[in-house]
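Source file structure-v5.pdb; content: PDB, C-alpha atoms.
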MODEL        1
ATOM      1  CA  MET A   1     -96.345  45.376  95.858
ATOM      2  CA  PRO A   2     -93.320  45.315  98.167
ATOM      3  CA  CYS A   3     -92.059  41.739  98.752
ATOM      4  CA  ALA A   4     -92.331  42.120 102.528
ATOM      5  CA  ALA A   5     -96.036  43.000 102.284
ATOM      6  CA  ASP A   6     -96.576  40.141  99.822
ATOM      7  CA  ARG A   7     -94.855  37.660 102.143
ATOM      8  CA  LEU A   8     -96.784  38.832 105.203
ATOM      9  CA  LEU A   9    -100.175  38.896 103.484
ATOM     10  CA  ARG A  10     -99.529  35.289 102.395
ATOM     11  CA  LYS A  11     -98.807  34.335 106.027
ATOM     12  CA  LEU A  12    -102.288  35.622 106.902
ATOM     13  CA  TRP A  13    -103.992  33.418 104.287
ATOM     14  CA  GLY A  14    -106.101  30.662 105.712
ATOM     15  CA  GLN A  15    -109.395  30.945 107.504
ATOM     16  CA  TRP A  16    -109.284  31.990 111.159
ATOM     17  CA  LYS A  17    -105.607  33.086 111.160
ATOM     18  CA  THR A  18    -106.436  36.769 111.555
ATOM     19  CA  HIS A  19    -109.011  35.832 114.220
ATOM     20  CA  VAL A  20    -106.343  33.904 116.194
ATOM     21  CA  ILE A  21    -103.955  36.879 116.032
ATOM     22  CA  TYR A  22    -106.765  39.269 116.920
ATOM     23  CA  VAL A  23    -107.832  37.343 120.044
ATOM     24  CA  LEU A  24    -104.268  36.482 121.138
ATOM     25  CA  GLY A  25    -103.439  40.169 120.919
ATOM     26  CA  GLU A  26    -106.046  40.958 123.565
ATOM     27  CA  GLN A  27    -103.856  39.409 126.306
ATOM     28  CA  GLN A  28    -100.221  38.541 127.081
ATOM     29  CA  ALA A  29    -100.632  34.769 126.991
ATOM     30  CA  CYS A  30    -103.507  32.379 126.490
ATOM     31  CA  ARG A  31    -104.311  28.696 127.051
ATOM     32  CA  PHE A  32    -105.678  26.630 124.151
ATOM     33  CA  GLY A  33    -109.113  26.179 125.731
ATOM     34  CA  VAL A  34    -109.563  29.892 126.409
ATOM     35  CA  LEU A  35    -108.526  30.720 122.852
ATOM     36  CA  ARG A  36    -111.005  28.206 121.424
ATOM     37  CA  ARG A  37    -113.907  29.639 123.462
ATOM     38  CA  ARG A  38    -113.036  33.181 122.353
ATOM     39  CA  ILE A  39    -113.120  32.329 118.627
ATOM     40  CA  ALA A  40    -116.723  31.329 117.996
ATOM     41  CA  GLY A  41    -117.019  28.619 115.366
ATOM     42  CA  ILE A  42    -113.436  27.357 115.186
ATOM     43  CA  SER A  43    -112.818  23.615 115.686
ATOM     44  CA  PRO A  44    -109.989  22.322 117.928
ATOM     45  CA  LYS A  45    -108.367  20.664 114.905
ATOM     46  CA  VAL A  46    -108.314  23.879 112.825
ATOM     47  CA  LEU A  47    -107.134  25.934 115.812
ATOM     48  CA  THR A  48    -104.252  23.490 116.404
ATOM     49  CA  THR A  49    -103.254  23.722 112.714
ATOM     50  CA  ARG A  50    -103.442  27.500 112.593
ATOM     51  CA  LEU A  51    -101.403  27.894 115.797
ATOM     52  CA  ARG A  52     -98.719  25.590 114.380
ATOM     53  CA  GLU A  53     -98.625  27.566 111.092
ATOM     54  CA  LEU A  54     -98.488  30.934 112.898
ATOM     55  CA  GLU A  55     -95.714  29.610 115.161
ATOM     56  CA  ALA A  56     -93.734  28.406 112.119
ATOM     57  CA  ASP A  57     -94.204  31.853 110.556
ATOM     58  CA  GLY A  58     -92.808  33.603 113.624
ATOM     59  CA  LEU A  59     -96.054  35.337 114.608
ATOM     60  CA  VAL A  60     -96.963  33.168 117.629
ATOM     61  CA  TRP A  61     -94.870  31.631 120.435
ATOM     62  CA  ARG A  62     -95.756  28.426 122.273
ATOM     63  CA  GLU A  63     -94.627  27.388 125.755
ATOM     64  CA  GLN A  64     -95.193  23.984 127.355
ATOM     65  CA  GLU A  65     -94.878  23.275 131.100
ATOM     66  CA  ASN A  66     -94.183  19.619 131.821
ATOM     67  CA  SER A  67     -96.905  19.309 134.430
ATOM     68  CA  ILE A  68     -99.383  16.398 134.273
ATOM     69  CA  PRO A  69    -101.287  17.055 132.037
ATOM     70  CA  PRO A  70     -98.824  19.386 130.254
ATOM     71  CA  LYS A  71     -99.787  23.075 130.391
ATOM     72  CA  VAL A  72     -99.478  24.801 126.980
ATOM     73  CA  THR A  73     -99.597  28.585 126.624
ATOM     74  CA  TYR A  74     -99.605  30.720 123.475
ATOM     75  CA  GLY A  75     -98.851  34.374 122.823
ATOM     76  CA  LEU A  76     -97.903  36.800 120.044
ATOM     77  CA  THR A  77     -94.294  37.471 119.120
ATOM     78  CA  LYS A  78     -93.123  41.037 118.405
ATOM     79  CA  ALA A  79     -94.054  40.645 114.726
ATOM     80  CA  GLY A  80     -97.373  39.069 115.757
ATOM     81  CA  ARG A  81     -98.123  42.091 117.969
ATOM     82  CA  ALA A  82     -97.320  44.399 115.035
ATOM     83  CA  VAL A  83     -99.812  42.504 112.841
ATOM     84  CA  HIS A  84    -102.366  42.675 115.679
ATOM     85  CA  ALA A  85    -101.965  46.450 115.888
ATOM     86  CA  VAL A  86    -102.712  46.688 112.158
ATOM     87  CA  LEU A  87    -105.744  44.364 112.427
ATOM     88  CA  LYS A  88    -107.127  46.399 115.357
ATOM     89  CA  ASP A  89    -107.537  49.371 112.993
ATOM     90  CA  ILE A  90    -110.092  47.279 111.148
ATOM     91  CA  GLU A  91    -112.503  47.991 114.026
ATOM     92  CA  GLN A  92    -112.772  51.599 112.812
ATOM     93  CA  ILE A  93    -114.037  50.569 109.375
ATOM     94  CA  ASP A  94    -117.766  51.037 108.896
ATOM     95  CA  LEU A  95    -119.210  48.574 106.335
TER
ATOM     96  CA  MET B   1    -114.017  40.370 119.359
ATOM     97  CA  PRO B   2    -116.384  43.066 118.090
ATOM     98  CA  CYS B   3    -118.886  41.683 115.528
ATOM     99  CA  ALA B   4    -117.887  44.284 112.939
ATOM    100  CA  ALA B   5    -114.232  43.197 113.101
ATOM    101  CA  ASP B   6    -115.297  39.517 112.984
ATOM    102  CA  ARG B   7    -117.486  40.145 109.915
ATOM    103  CA  LEU B   8    -114.779  42.107 108.099
ATOM    104  CA  LEU B   9    -111.970  39.660 108.883
ATOM    105  CA  ARG B  10    -114.182  36.894 107.444
ATOM    106  CA  LYS B  11    -114.641  38.943 104.245
ATOM    107  CA  LEU B  12    -110.837  38.937 103.873
ATOM    108  CA  TRP B  13    -110.621  35.152 104.095
ATOM    109  CA  GLY B  14    -109.609  33.434 100.911
ATOM    110  CA  GLN B  15    -106.242  33.456  99.239
ATOM    111  CA  TRP B  16    -105.333  36.551  97.225
ATOM    112  CA  LYS B  17    -108.179  38.743  98.527
ATOM    113  CA  THR B  18    -105.892  41.023 100.499
ATOM    114  CA  HIS B  19    -103.524  41.117  97.500
ATOM    115  CA  VAL B  20    -106.382  42.258  95.214
ATOM    116  CA  ILE B  21    -107.359  45.035  97.653
ATOM    117  CA  TYR B  22    -103.722  45.999  98.112
ATOM    118  CA  VAL B  23    -103.034  46.378  94.364
ATOM    119  CA  LEU B  24    -106.420  47.986  93.574
ATOM    120  CA  GLY B  25    -105.695  50.546  96.277
ATOM    121  CA  GLU B  26    -102.611  51.738  94.395
ATOM    122  CA  GLN B  27    -104.774  53.429  91.709
ATOM    123  CA  GLN B  28    -108.277  54.836  91.162
ATOM    124  CA  ALA B  29    -109.460  52.187  88.708
ATOM    125  CA  CYS B  30    -107.905  49.183  87.048
ATOM    126  CA  ARG B  31    -108.585  46.853  84.109
ATOM    127  CA  PHE B  32    -108.652  43.080  84.679
ATOM    128  CA  GLY B  33    -105.493  42.435  82.670
ATOM    129  CA  VAL B  34    -103.462  45.073  84.523
ATOM    130  CA  LEU B  35    -104.644  43.698  87.846
ATOM    131  CA  ARG B  36    -103.669  40.166  86.873
ATOM    132  CA  ARG B  37    -100.137  41.224  85.827
ATOM    133  CA  ARG B  38     -99.669  43.129  89.099
ATOM    134  CA  ILE B  39    -100.543  40.125  91.285
ATOM    135  CA  ALA B  40     -97.805  37.601  90.515
ATOM    136  CA  GLY B  41     -99.055  34.028  90.641
ATOM    137  CA  ILE B  42    -102.819  34.553  90.542
ATOM    138  CA  SER B  43    -104.809  32.736  87.826
ATOM    139  CA  PRO B  44    -107.503  34.531  85.773
ATOM    140  CA  LYS B  45    -110.130  32.151  87.190
ATOM    141  CA  VAL B  46    -109.209  32.856  90.829
ATOM    142  CA  LEU B  47    -108.972  36.605  90.154
ATOM    143  CA  THR B  48    -112.454  36.586  88.592
ATOM    144  CA  THR B  49    -113.858  34.725  91.615
ATOM    145  CA  ARG B  50    -112.158  36.989  94.167
ATOM    146  CA  LEU B  51    -113.329  40.152  92.386
ATOM    147  CA  ARG B  52    -116.907  38.840  92.353
ATOM    148  CA  GLU B  53    -116.728  38.000  96.088
ATOM    149  CA  LEU B  54    -115.193  41.389  96.970
ATOM    150  CA  GLU B  55    -117.856  43.162  94.889
ATOM    151  CA  ALA B  56    -120.626  41.198  96.663
ATOM    152  CA  ASP B  57    -119.044  42.179 100.007
ATOM    153  CA  GLY B  58    -119.114  45.868  99.093
ATOM    154  CA  LEU B  59    -115.327  46.308  98.974
ATOM    155  CA  VAL B  60    -114.905  46.541  95.178
ATOM    156  CA  TRP B  61    -116.954  48.232  92.442
ATOM    157  CA  ARG B  62    -117.160  47.012  88.861
ATOM    158  CA  GLU B  63    -118.043  49.083  85.790
ATOM    159  CA  GLN B  64    -118.652  47.743  82.279
ATOM    160  CA  GLU B  65    -118.619  49.855  79.108
ATOM    161  CA  ASN B  66    -120.608  48.251  76.316
ATOM    162  CA  SER B  67    -117.873  48.676  73.721
ATOM    163  CA  ILE B  68    -116.847  45.706  71.523
ATOM    164  CA  PRO B  69    -115.238  43.898  73.326
ATOM    165  CA  PRO B  70    -116.786  45.222  76.562
ATOM    166  CA  LYS B  71    -114.395  47.266  78.712
ATOM    167  CA  VAL B  72    -114.541  46.266  82.424
ATOM    168  CA  THR B  73    -112.949  48.401  85.115
ATOM    169  CA  TYR B  74    -112.590  47.712  88.834
ATOM    170  CA  GLY B  75    -111.891  49.923  91.820
ATOM    171  CA  LEU B  76    -112.200  50.059  95.611
ATOM    172  CA  THR B  77    -115.330  51.344  97.319
ATOM    173  CA  LYS B  78    -115.054  53.625 100.356
ATOM    174  CA  ALA B  79    -114.958  50.589 102.675
ATOM    175  CA  GLY B  80    -112.434  48.927 100.342
ATOM    176  CA  ARG B  81    -110.180  51.991 100.563
ATOM    177  CA  ALA B  82    -110.433  51.894 104.358
ATOM    178  CA  VAL B  83    -109.315  48.238 104.354
ATOM    179  CA  HIS B  84    -106.495  49.161 101.951
ATOM    180  CA  ALA B  85    -105.290  51.880 104.317
ATOM    181  CA  VAL B  86    -105.109  49.283 107.108
ATOM    182  CA  LEU B  87    -103.291  46.758 104.907
ATOM    183  CA  LYS B  88    -100.745  49.416 103.838
ATOM    184  CA  ASP B  89     -99.568  49.607 107.472
ATOM    185  CA  ILE B  90     -98.394  46.018 107.039
ATOM    186  CA  GLU B  91     -95.469  47.393 104.996
ATOM    187  CA  GLN B  92     -93.985  48.804 108.192
ATOM    188  CA  ILE B  93     -93.812  45.380 109.864
ATOM    189  CA  ASP B  94     -90.350  43.844 109.939
ATOM    190  CA  LEU B  95     -90.460  40.015 110.009
TER
ENDMDL
END
Rewrite the coordinates I just gave you, this time as structure tokens.
Amino acid sequence: MPCAADRLLRKLWGQWKTHVIYVLGEQQACRFGVLRRRIAGISPKVLTTRLRELEADGLVWREQENSIPPKVTYGLTKAGRAVHAVLKDIEQIDL
Amino acid sequence: MPCAADRLLRKLWGQWKTHVIYVLGEQQACRFGVLRRRIAGISPKVLTTRLRELEADGLVWREQENSIPPKVTYGLTKAGRAVHAVLKDIEQIDL
């Protein structure tokens, strides 16, 4: 297995990560609350952790506006969008 | 998110699962020992568990010949091959 594929598949380990990428890929940018409502079953704590991991792995970007309360927006990076495009193909698979 | 995609993404949760599908997809059928050597870092116990889960989810088939010792072979089902084809696209992604 090519190292690049191995590295990337490891970045997708962890429950909900592929769901976060999948839902984030459906729009340009997304607030935390919207993301949480769109991923049925995920807790705020797990979503926060996954977003931090995906950001550290270069698949998600995070922007914070210093309004009161602060406004935080998330979106997919170029690599994140490439992973999303691959995951979208999963819709065609008939189990 | 379409239910089918949600269901399938959940089946790919769990460390090493996508690695197992990836490596199994490189050949028609594969013995346990060969599979274990091809997935660097996986333990026999985890590989056994993942194969059982993937078989239960209809992504992997398992065949046992009643020789002494029994010969067990694994391979991807049609759905497993479809997931493999999607995962292969990950090779094109440049992180």
Practice problem: Let me know the residues the PyMOL selection byres ((chain B) within 10 of (chain A)) catches in the file above, as number ranges by chain. | Solution: B: 1-10, 12-19, 22-23, 26, 38-40, 57-59, 78-83, 85-95
Can you give me chain A superposed onto chain B, least-squares on all Cα in order, written as an mmCIF file with C-alpha atoms, keeping the file's coordinate frame?
data_model
loop_
_atom_site.group_PDB
_atom_site.id
_atom_site.type_symbol
_atom_site.label_atom_id
_atom_site.label_comp_id
_atom_site.auth_asym_id
_atom_site.auth_seq_id
_atom_site.Cartn_x
_atom_site.Cartn_y
_atom_site.Cartn_z
ATOM 1 C CA MET A 1 -114.007 40.378 119.364
ATOM 2 C CA PRO A 2 -116.384 43.071 118.105
ATOM 3 C CA CYS A 3 -118.873 41.675 115.542
ATOM 4 C CA ALA A 4 -117.868 44.275 112.952
ATOM 5 C CA ALA A 5 -114.216 43.180 113.108
ATOM 6 C CA ASP A 6 -115.283 39.523 112.976
ATOM 7 C CA ARG A 7 -117.465 40.147 109.917
ATOM 8 C CA LEU A 8 -114.763 42.116 108.106
ATOM 9 C CA LEU A 9 -111.961 39.662 108.871
ATOM 10 C CA ARG A 10 -114.178 36.903 107.426
ATOM 11 C CA LYS A 11 -114.631 38.957 104.233
ATOM 12 C CA LEU A 12 -110.836 38.944 103.862
ATOM 13 C CA TRP A 13 -110.615 35.136 104.083
ATOM 14 C CA GLY A 14 -109.605 33.449 100.887
ATOM 15 C CA GLN A 15 -106.238 33.468 99.213
ATOM 16 C CA TRP A 16 -105.327 36.569 97.208
ATOM 17 C CA LYS A 17 -108.193 38.759 98.518
ATOM 18 C CA THR A 18 -105.891 41.039 100.496
ATOM 19 C CA HIS A 19 -103.525 41.138 97.496
ATOM 20 C CA VAL A 20 -106.391 42.273 95.208
ATOM 21 C CA ILE A 21 -107.361 45.037 97.656
ATOM 22 C CA TYR A 22 -103.721 46.010 98.105
ATOM 23 C CA VAL A 23 -103.039 46.386 94.363
ATOM 24 C CA LEU A 24 -106.420 47.991 93.568
ATOM 25 C CA GLY A 25 -105.708 50.544 96.271
ATOM 26 C CA GLU A 26 -102.617 51.722 94.406
ATOM 27 C CA GLN A 27 -104.776 53.407 91.721
ATOM 28 C CA GLN A 28 -108.275 54.828 91.169
ATOM 29 C CA ALA A 29 -109.447 52.189 88.707
ATOM 30 C CA CYS A 30 -107.908 49.169 87.052
ATOM 31 C CA ARG A 31 -108.587 46.852 84.102
ATOM 32 C CA PHE A 32 -108.659 43.083 84.679
ATOM 33 C CA GLY A 33 -105.496 42.436 82.659
ATOM 34 C CA VAL A 34 -103.478 45.074 84.508
ATOM 35 C CA LEU A 35 -104.647 43.700 87.849
ATOM 36 C CA ARG A 36 -103.663 40.155 86.863
ATOM 37 C CA ARG A 37 -100.144 41.230 85.821
ATOM 38 C CA ARG A 38 -99.671 43.125 89.095
ATOM 39 C CA ILE A 39 -100.539 40.112 91.282
ATOM 40 C CA ALA A 40 -97.802 37.602 90.513
ATOM 41 C CA GLY A 41 -99.056 34.030 90.643
ATOM 42 C CA ILE A 42 -102.821 34.554 90.532
ATOM 43 C CA SER A 43 -104.813 32.735 87.819
ATOM 44 C CA PRO A 44 -107.523 34.517 85.774
ATOM 45 C CA LYS A 45 -110.140 32.137 87.191
ATOM 46 C CA VAL A 46 -109.219 32.858 90.837
ATOM 47 C CA LEU A 47 -108.969 36.602 90.160
ATOM 48 C CA THR A 48 -112.458 36.590 88.592
ATOM 49 C CA THR A 49 -113.855 34.732 91.636
ATOM 50 C CA ARG A 50 -112.174 36.995 94.162
ATOM 51 C CA LEU A 51 -113.336 40.165 92.378
ATOM 52 C CA ARG A 52 -116.912 38.851 92.357
ATOM 53 C CA GLU A 53 -116.724 38.006 96.095
ATOM 54 C CA LEU A 54 -115.193 41.397 96.979
ATOM 55 C CA GLU A 55 -117.863 43.150 94.889
ATOM 56 C CA ALA A 56 -120.621 41.193 96.675
ATOM 57 C CA ASP A 57 -119.053 42.189 100.006
ATOM 58 C CA GLY A 58 -119.108 45.877 99.104
ATOM 59 C CA LEU A 59 -115.326 46.317 98.982
ATOM 60 C CA VAL A 60 -114.901 46.534 95.184
ATOM 61 C CA TRP A 61 -116.957 48.229 92.442
ATOM 62 C CA ARG A 62 -117.163 47.020 88.847
ATOM 63 C CA GLU A 63 -118.041 49.087 85.775
ATOM 64 C CA GLN A 64 -118.654 47.724 82.277
ATOM 65 C CA GLU A 65 -118.623 49.844 79.094
ATOM 66 C CA ASN A 66 -120.614 48.255 76.286
ATOM 67 C CA SER A 67 -117.871 48.660 73.712
ATOM 68 C CA ILE A 68 -116.845 45.691 71.527
ATOM 69 C CA PRO A 69 -115.224 43.881 73.303
ATOM 70 C CA PRO A 70 -116.783 45.205 76.542
ATOM 71 C CA LYS A 71 -114.399 47.266 78.693
ATOM 72 C CA VAL A 72 -114.526 46.268 82.394
ATOM 73 C CA THR A 73 -112.943 48.410 85.109
ATOM 74 C CA TYR A 74 -112.577 47.716 88.832
ATOM 75 C CA GLY A 75 -111.880 49.934 91.822
ATOM 76 C CA LEU A 76 -112.196 50.056 95.615
ATOM 77 C CA THR A 77 -115.321 51.342 97.321
ATOM 78 C CA LYS A 78 -115.045 53.631 100.368
ATOM 79 C CA ALA A 79 -114.957 50.601 102.684
ATOM 80 C CA GLY A 80 -112.442 48.922 100.355
ATOM 81 C CA ARG A 81 -110.188 51.998 100.569
ATOM 82 C CA ALA A 82 -110.447 51.884 104.377
ATOM 83 C CA VAL A 83 -109.324 48.230 104.360
ATOM 84 C CA HIS A 84 -106.500 49.160 101.959
ATOM 85 C CA ALA A 85 -105.298 51.875 104.333
ATOM 86 C CA VAL A 86 -105.128 49.288 107.128
ATOM 87 C CA LEU A 87 -103.297 46.750 104.921
ATOM 88 C CA LYS A 88 -100.758 49.407 103.857
ATOM 89 C CA ASP A 89 -99.564 49.599 107.481
ATOM 90 C CA ILE A 90 -98.408 46.021 107.067
ATOM 91 C CA GLU A 91 -95.488 47.381 105.012
ATOM 92 C CA GLN A 92 -93.979 48.789 108.222
ATOM 93 C CA ILE A 93 -93.809 45.373 109.888
ATOM 94 C CA ASP A 94 -90.340 43.851 109.945
ATOM 95 C CA LEU A 95 -90.450 40.018 109.998
#
Quiz item: Near Arg62 (chain A), within 9 Å and counting only C-alpha atoms, which residues show up once chain neighbours fewer than 4 positions away are dropped, as a count of residues only?
Solution: 8
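Between CA of Leu35 (chain B) and CA of Arg50 (chain B) the separation is 11.9 Å.
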Exercise. Enter the distance from CA of Phe32 (chain B) to CA of Val20 (chain B), in Å, rounded to one decimal.
Key: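 These two atoms are separated by 10.8 Å.
Note that CA of Asn66 (chain A) and CA of Leu24 (chain A) are 22.4 Å apart.
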Around all of region 31-48 of chain B's listed atoms, make the axis-aligned box with 3 Å on each side and tell me centre and edge lengths in Å to one decimal, as AutoDock Vina command-line options.
--center_x -105.1 --center_y 39.5 --center_z 87.0 --size_x 20.6 --size_y 20.7 --size_z 14.6
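Minimum distance to Arg31 (chain A) across A:Lys71, A:Lys11, A:Glu65, A:Thr48 (counting all atoms listed in the file) occurs at A:Lys71.
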